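Below is one structure, written out as structure tokens; the observations come after it.
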Amino acid sequence: MDEDTKILFGVVGGILVVASVIGAVMKLRVKTEAGRATVANLNARTRSWWVMAGIFCATMVLGHLFTTVLFGLLSFFAVREFITLNRTERADHEVLFWAFFVFTPLHYVLVGIQWYGMFSVFIPVYAFVFIPFRRVLTGETKGFLESTAKIQWALMVCVYAVSHMPMLLTLPLRDFEGQNAKLLFFFVMTVQMSDVLQYVWGKTCGKRPVAPRVSPHKTWEGTVGGIGTTVVLSTCLWWATPFNPWQAALMALLICLAGFFGGLVLSAIKRDLGAKDWGNSIAGHGGFMDRIDSLCFAAPLFFHVTGFYFGTGIDPRPPGWVLEWLGR
Amino acid sequence: MIRSLVASVTRLISGVGRIPYAPCGGEPAIYFANHTSHLDFAVVWAALPDEARENLSPAAAEDYWGKSAFRLKVACGLFQAVLIPREGITRENNPIERLAEALKAGRSILIFPEGTRRGDGRVGEFKAGIHHLARRFPELPLVPVQLENLSRVLPKGSFLPVPIIGRACFREPIRFDKGESKTDFLVRARLALLGGVEETVN
């Protein structure tokens, strides 16, 4: 563990200590019944944060293999919640077995052995093609497209997208070898800070809802305040990344916006299914999907934008004029 | 010890949580649940608190669980099940008698009044068995348990389980009423299991 990592862990620990102290003080001072419920939820969230931050930091120290296993489990539980809430039919059963016990583990094996080429096409190509093939064998035509699309989405969002986080550890970057853990930290920290700060801003001065039908608690004040504050705070972490300060600010903004829209998209799916939370596995937060919803869509975007501008080339290079046009 | 472990594993696989308190303070009761998969009785069994679980004898199909020495050991030794025949019922092997014996011994039982597993996840009409038992033991509470999603974990005709998150909802207990007709009782029991709301057909 280098000096930078120690400082980053210190920052997280410090924030959580402050949050715990504030929670304890609020618990003593709150008088109303509604207030008590809010504070109890807040403290449950903070306690869960300690656990989640602890596990995340520990695996980061233990390296790529442990991080892969951690995110693999996270994906598995996320798919489980996604499929449980989405009604599936009897005819989907065998396809689901493949999704849970073949595609998900195999995809993480590819992450583990760092086979980037196969990693990037395994689910979008092989699983995508196989799922309707296996489903058509059952002979059931009712809801065919809906069923296959649900399972393809589950794999794309909960497995493929999420796995870009452990894969970030293997992304070859210019002048940043062996330090990718800090980049993953920057990404996860930015998304989660954005979630928390949007919640705090929304609770304290949120008035006008952004999308009342999709997510009633998301307000303009919360979103702008939360994203603004996060961009400022994440920019302060530029020294731990391959970015200079203004690049870090733009990256943080990209992450926050993708996180915001990702959260909205998954919220829309959730509402359509008539549920408030994806599950009840994490005290105060809901299910695993409720915690990682904003990470899902932001992870592959961050991975590829970083790879494109700061990488040493994992993908074949585009034509010269395209590179020139894109400012590289 | 082994039972607690098996119960924990069952809860982990099925996603069903343990209920904090036994219904009716843990006194003997007739539990009844909708029947959707082979996992049903294990899930209700696992969801109960330790003491209530120790005292529960779930009904299990003799033609399935009595087939081999191993299955018999699992059903009777581990789950303390009462094996009941589903076909060729005579005076000697009357399933109601076997369940009544368990109740007489002060144990709780778990029955599936629909009689058979349904493939579509709906709750079918109840057969008369539950009424016979309730009439013979009118002092015992009847605890409805609604099982959801378990047919998706292990549907009829499949041996591959898929880790869908199941749910076991313990409803408000009902009591036998002498003045009520059999049909009315069966309808009332079924509605209590559904939480008072008729299923919407989609």
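A note on labels: chains of the structure tokens are A, B, ... as shown, every chain counts residues from 1, and ligands are counted from 1 in their shown order.
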Distance filter 7 Å, only C-alpha atoms, chain A against chain B, as a VMD selection string | chain A and resid 80 83 to 84 96 to 97
What does the file look like for those residues with C-alpha atoms, as a JSON list (two decimals), in the first residue's frame?
[["chain", "number", "residue", "atom", "x", "y", "z"],
["A", 80, "ARG", "CA", -30.82, -12.31, -8.31],
["A", 83, "ILE", "CA", -34.67, -11.40, -11.92],
["A", 84, "THR", "CA", -36.74, -11.84, -8.77],
["A", 96, "LEU", "CA", -31.99, -18.41, -16.06],
["A", 97, "PHE", "CA", -29.95, -21.37, -14.91]]
DSSP strand (DSSP E) selection over segment 37-135 of chain B, as number ranges by chain | B: 56-61, 82-84, 108-111
Quick one: everything within 9 Å of Pro242 of chain A, counting only C-alpha atoms, minus sequence neighbours fewer than 4 positions away in the same chain. Send it as a ChimeraX atom specification.
-> /A:173-176,183,238,248,310
Using the selection just defined, write its residues with N, CA and C atoms as a PDB file, in the first residue's frame.
ATOM      1  N   LEU A 173      -2.522   2.178 -18.321  1.00  0.00           N
ATOM      2  CA  LEU A 173      -2.575   3.642 -18.430  1.00  0.00           C
ATOM      3  C   LEU A 173      -1.168   4.211 -18.513  1.00  0.00           C
ATOM      4  N   ARG A 174      -1.047   5.353 -19.200  1.00  0.00           N
ATOM      5  CA  ARG A 174       0.258   6.009 -19.347  1.00  0.00           C
ATOM      6  C   ARG A 174       0.749   6.540 -17.998  1.00  0.00           C
ATOM      7  N   ASP A 175       1.971   6.242 -17.641  1.00  0.00           N
ATOM      8  CA  ASP A 175       2.611   6.726 -16.414  1.00  0.00           C
ATOM      9  C   ASP A 175       1.778   6.451 -15.168  1.00  0.00           C
ATOM     10  N   PHE A 176       1.093   5.319 -15.122  1.00  0.00           N
ATOM     11  CA  PHE A 176       0.254   5.055 -13.945  1.00  0.00           C
ATOM     12  C   PHE A 176       0.282   3.572 -13.600  1.00  0.00           C
ATOM     13  N   LEU A 183      -7.457   4.555  -8.977  1.00  0.00           N
ATOM     14  CA  LEU A 183      -8.425   5.019  -9.968  1.00  0.00           C
ATOM     15  C   LEU A 183      -9.803   4.421  -9.680  1.00  0.00           C
ATOM     16  N   TRP A 238      -7.438  14.681  -7.339  1.00  0.00           N
ATOM     17  CA  TRP A 238      -6.767  14.514  -8.635  1.00  0.00           C
ATOM     18  C   TRP A 238      -5.380  13.911  -8.500  1.00  0.00           C
ATOM     19  N   ALA A 248      -9.724  15.889 -13.905  1.00  0.00           N
ATOM     20  CA  ALA A 248     -10.410  15.189 -12.814  1.00  0.00           C
ATOM     21  C   ALA A 248     -11.807  15.762 -12.636  1.00  0.00           C
ATOM     22  N   PHE A 310      -6.374   8.188 -21.728  1.00  0.00           N
ATOM     23  CA  PHE A 310      -5.182   8.034 -20.896  1.00  0.00           C
ATOM     24  C   PHE A 310      -4.537   6.664 -21.024  1.00  0.00           C
TER      25      PHE A 310
END
Quick one: everything within 9 Å of Phe112 of chain B, counting only C-alpha atoms, minus sequence neighbours fewer than 5 positions away in the same chain. Send it as a PyMOL selection string.
-> chain B and resi 31-35+41+59+117+126+130
Residues of the last selection are to be written out with C-alpha atoms, as a short mmCIF file (atom, residue, chain, number, x, y, z; two decimals), in the first residue's frame.
data_model
loop_
_atom_site.label_atom_id
_atom_site.label_comp_id
_atom_site.auth_asym_id
_atom_site.auth_seq_id
_atom_site.Cartn_x
_atom_site.Cartn_y
_atom_site.Cartn_z
CA TYR B 31 -49.84 -24.54 9.59
CA PHE B 32 -51.14 -24.57 6.05
CA ALA B 33 -49.43 -23.25 2.94
CA ASN B 34 -49.93 -23.10 -0.80
CA HIS B 35 -48.00 -25.80 -2.63
CA PHE B 41 -42.09 -27.68 3.43
CA ALA B 59 -46.65 -33.50 5.74
CA ARG B 117 -48.28 -28.55 -6.75
CA PHE B 126 -58.63 -26.22 -1.02
CA ILE B 130 -57.86 -29.28 6.32
#
Quick one: residues within 12 Å of Asp63 of chain B, only C-alpha atoms counted, chain neighbours fewer than 5 positions away excluded, as a PyMOL selection string?
-> chain B and resi 68+71-72+83-89
Within 12 Å of Tyr309 of chain A, counting only C-alpha atoms, which residues show up once you throw out same-chain ones fewer than 2 positions away? Write them as a list in words, please.
->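 Skipping anything fewer than 2 positions along the chain leaves Leu171, Pro172, Leu173, Arg174, Pro242, Phe243, Gln247, Met251, Phe302, Phe303, His304, Val305, Thr306, Gly307, Gly311, Thr312, Gly313, Ile314, Arg317, Leu323, Leu326, Gly327 and Arg328 of chain A.
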How would the residues just chosen look if you wrote them out with C-alpha atoms as an mmCIF file, in the first residue's frame?
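Once written, part.cif looks like this:
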data_model
loop_
_atom_site.group_PDB
_atom_site.id
_atom_site.type_symbol
_atom_site.label_atom_id
_atom_site.label_comp_id
_atom_site.auth_asym_id
_atom_site.auth_seq_id
_atom_site.Cartn_x
_atom_site.Cartn_y
_atom_site.Cartn_z
ATOM 1 C CA LEU A 171 -6.516 -1.060 -17.677
ATOM 2 C CA PRO A 172 -3.034 -0.099 -18.973
ATOM 3 C CA LEU A 173 -2.575 3.642 -18.430
ATOM 4 C CA ARG A 174 0.258 6.009 -19.347
ATOM 5 C CA PRO A 242 -3.703 9.997 -13.868
ATOM 6 C CA PHE A 243 -5.696 13.243 -14.396
ATOM 7 C CA GLN A 247 -9.449 16.622 -16.192
ATOM 8 C CA MET A 251 -14.271 13.030 -15.232
ATOM 9 C CA PHE A 302 -15.639 5.751 -17.129
ATOM 10 C CA PHE A 303 -13.602 2.694 -18.116
ATOM 11 C CA HIS A 304 -13.707 3.467 -21.832
ATOM 12 C CA VAL A 305 -13.318 7.251 -21.646
ATOM 13 C CA THR A 306 -10.298 6.828 -19.355
ATOM 14 C CA GLY A 307 -8.939 4.087 -21.602
ATOM 15 C CA GLY A 311 -4.677 4.405 -21.914
ATOM 16 C CA THR A 312 -1.811 2.900 -23.844
ATOM 17 C CA GLY A 313 -4.218 1.184 -26.207
ATOM 18 C CA ILE A 314 -6.142 -1.943 -25.341
ATOM 19 C CA ARG A 317 -6.550 2.270 -32.850
ATOM 20 C CA LEU A 323 -8.013 10.625 -33.277
ATOM 21 C CA LEU A 326 -11.233 13.844 -30.929
ATOM 22 C CA GLY A 327 -8.193 15.759 -29.713
ATOM 23 C CA ARG A 328 -5.691 12.971 -29.248
#
Contacts of Phe130 of chain A at 12 Å (only C-alpha atoms; same-chain gap of 3+ positions) as a PyMOL selection string = chain A and resi 94-96+98-99+102-103+122-127+133-137+148+151-152
Taking C-alpha atoms for each residue, export the selection above as a CSV table (one decimal), in the first residue's frame.
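Listing of part.csv after writing:
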chain,number,residue,atom,x,y,z
A,94,GLU,CA,-33.4,-23.1,-18.0
A,95,VAL,CA,-32.1,-19.9,-19.6
A,96,LEU,CA,-32.0,-18.4,-16.1
A,98,TRP,CA,-27.4,-20.6,-17.6
A,99,ALA,CA,-27.4,-16.9,-16.7
A,102,VAL,CA,-22.7,-20.3,-16.4
A,103,PHE,CA,-22.5,-16.8,-17.9
A,122,PHE,CA,-18.6,-12.6,-24.0
A,123,ILE,CA,-21.9,-11.2,-22.7
A,124,PRO,CA,-22.7,-8.7,-25.5
A,125,VAL,CA,-22.1,-11.3,-28.2
A,126,TYR,CA,-22.0,-14.9,-27.0
A,127,ALA,CA,-24.6,-14.7,-24.1
A,133,PHE,CA,-31.4,-19.8,-28.9
A,134,ARG,CA,-32.0,-21.7,-25.6
A,135,ARG,CA,-35.4,-20.0,-25.0
A,136,VAL,CA,-36.7,-20.9,-28.5
A,137,LEU,CA,-35.9,-24.6,-27.7
A,148,THR,CA,-35.2,-12.8,-23.4
A,151,ILE,CA,-32.4,-11.7,-19.0
A,152,GLN,CA,-30.1,-9.9,-21.5
Can you list every residue in segment 104-287 of chain A that DSSP puts in alpha helix (DSSP H), as a ChimeraX atom specification?
-> /A:104-112,116-121,128-136,144-153,164-167,180-205,220-235,245-272
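We find atom CA of Ala252 of chain A and atom CA of Thr235 of chain A to be spaced 7.2 Å apart.
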Please, which residues in segment 120-183 of chain A fall within 12 Å of segment 255-271 of chain A when counting only C-alpha atoms, and what is the closest atom pair and distance in Å to one decimal for each, ordered by chain then residue number, as a Markdown table?
| residue | atom | partner | partner_atom | distance |
| --- | --- | --- | --- | --- |
| A:Lys150 | CA | A:Ile269 | CA | 10.7 |
| A:Trp153 | CA | A:Leu266 | CA | 11.0 |
| A:Ala154 | CA | A:Leu266 | CA | 11.1 |
| A:Val157 | CA | A:Leu266 | CA | 9.5 |
| A:Cys158 | CA | A:Leu266 | CA | 10.9 |
| A:Ala161 | CA | A:Gly262 | CA | 11.1 |
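Shortest separation to Thr88 of chain A among A:Arg208, A:Arg213, A:Lys31, A:Lys142 occurs at residue A:Lys142, atoms counted being only C-alpha atoms.
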Pick from B:Phe159, B:Tyr21, B:Phe70, B:Trp65: nearest to Val82 of chain B, with only C-alpha atoms counted?
-> B:Trp65
Kindly give the distance, in Å, that separates atom CA of Leu147 of chain B and atom CA of Cys169 of chain B, rounded to a single decimal.
-> 6.4 Å
Between atom CA of Arg3 of chain B and atom CA of Glu62 of chain B - distance in Å to one decimal |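 Value for the atom CA of Glu62 of chain B-atom CA of Arg3 of chain B distance: 21.3 Å.
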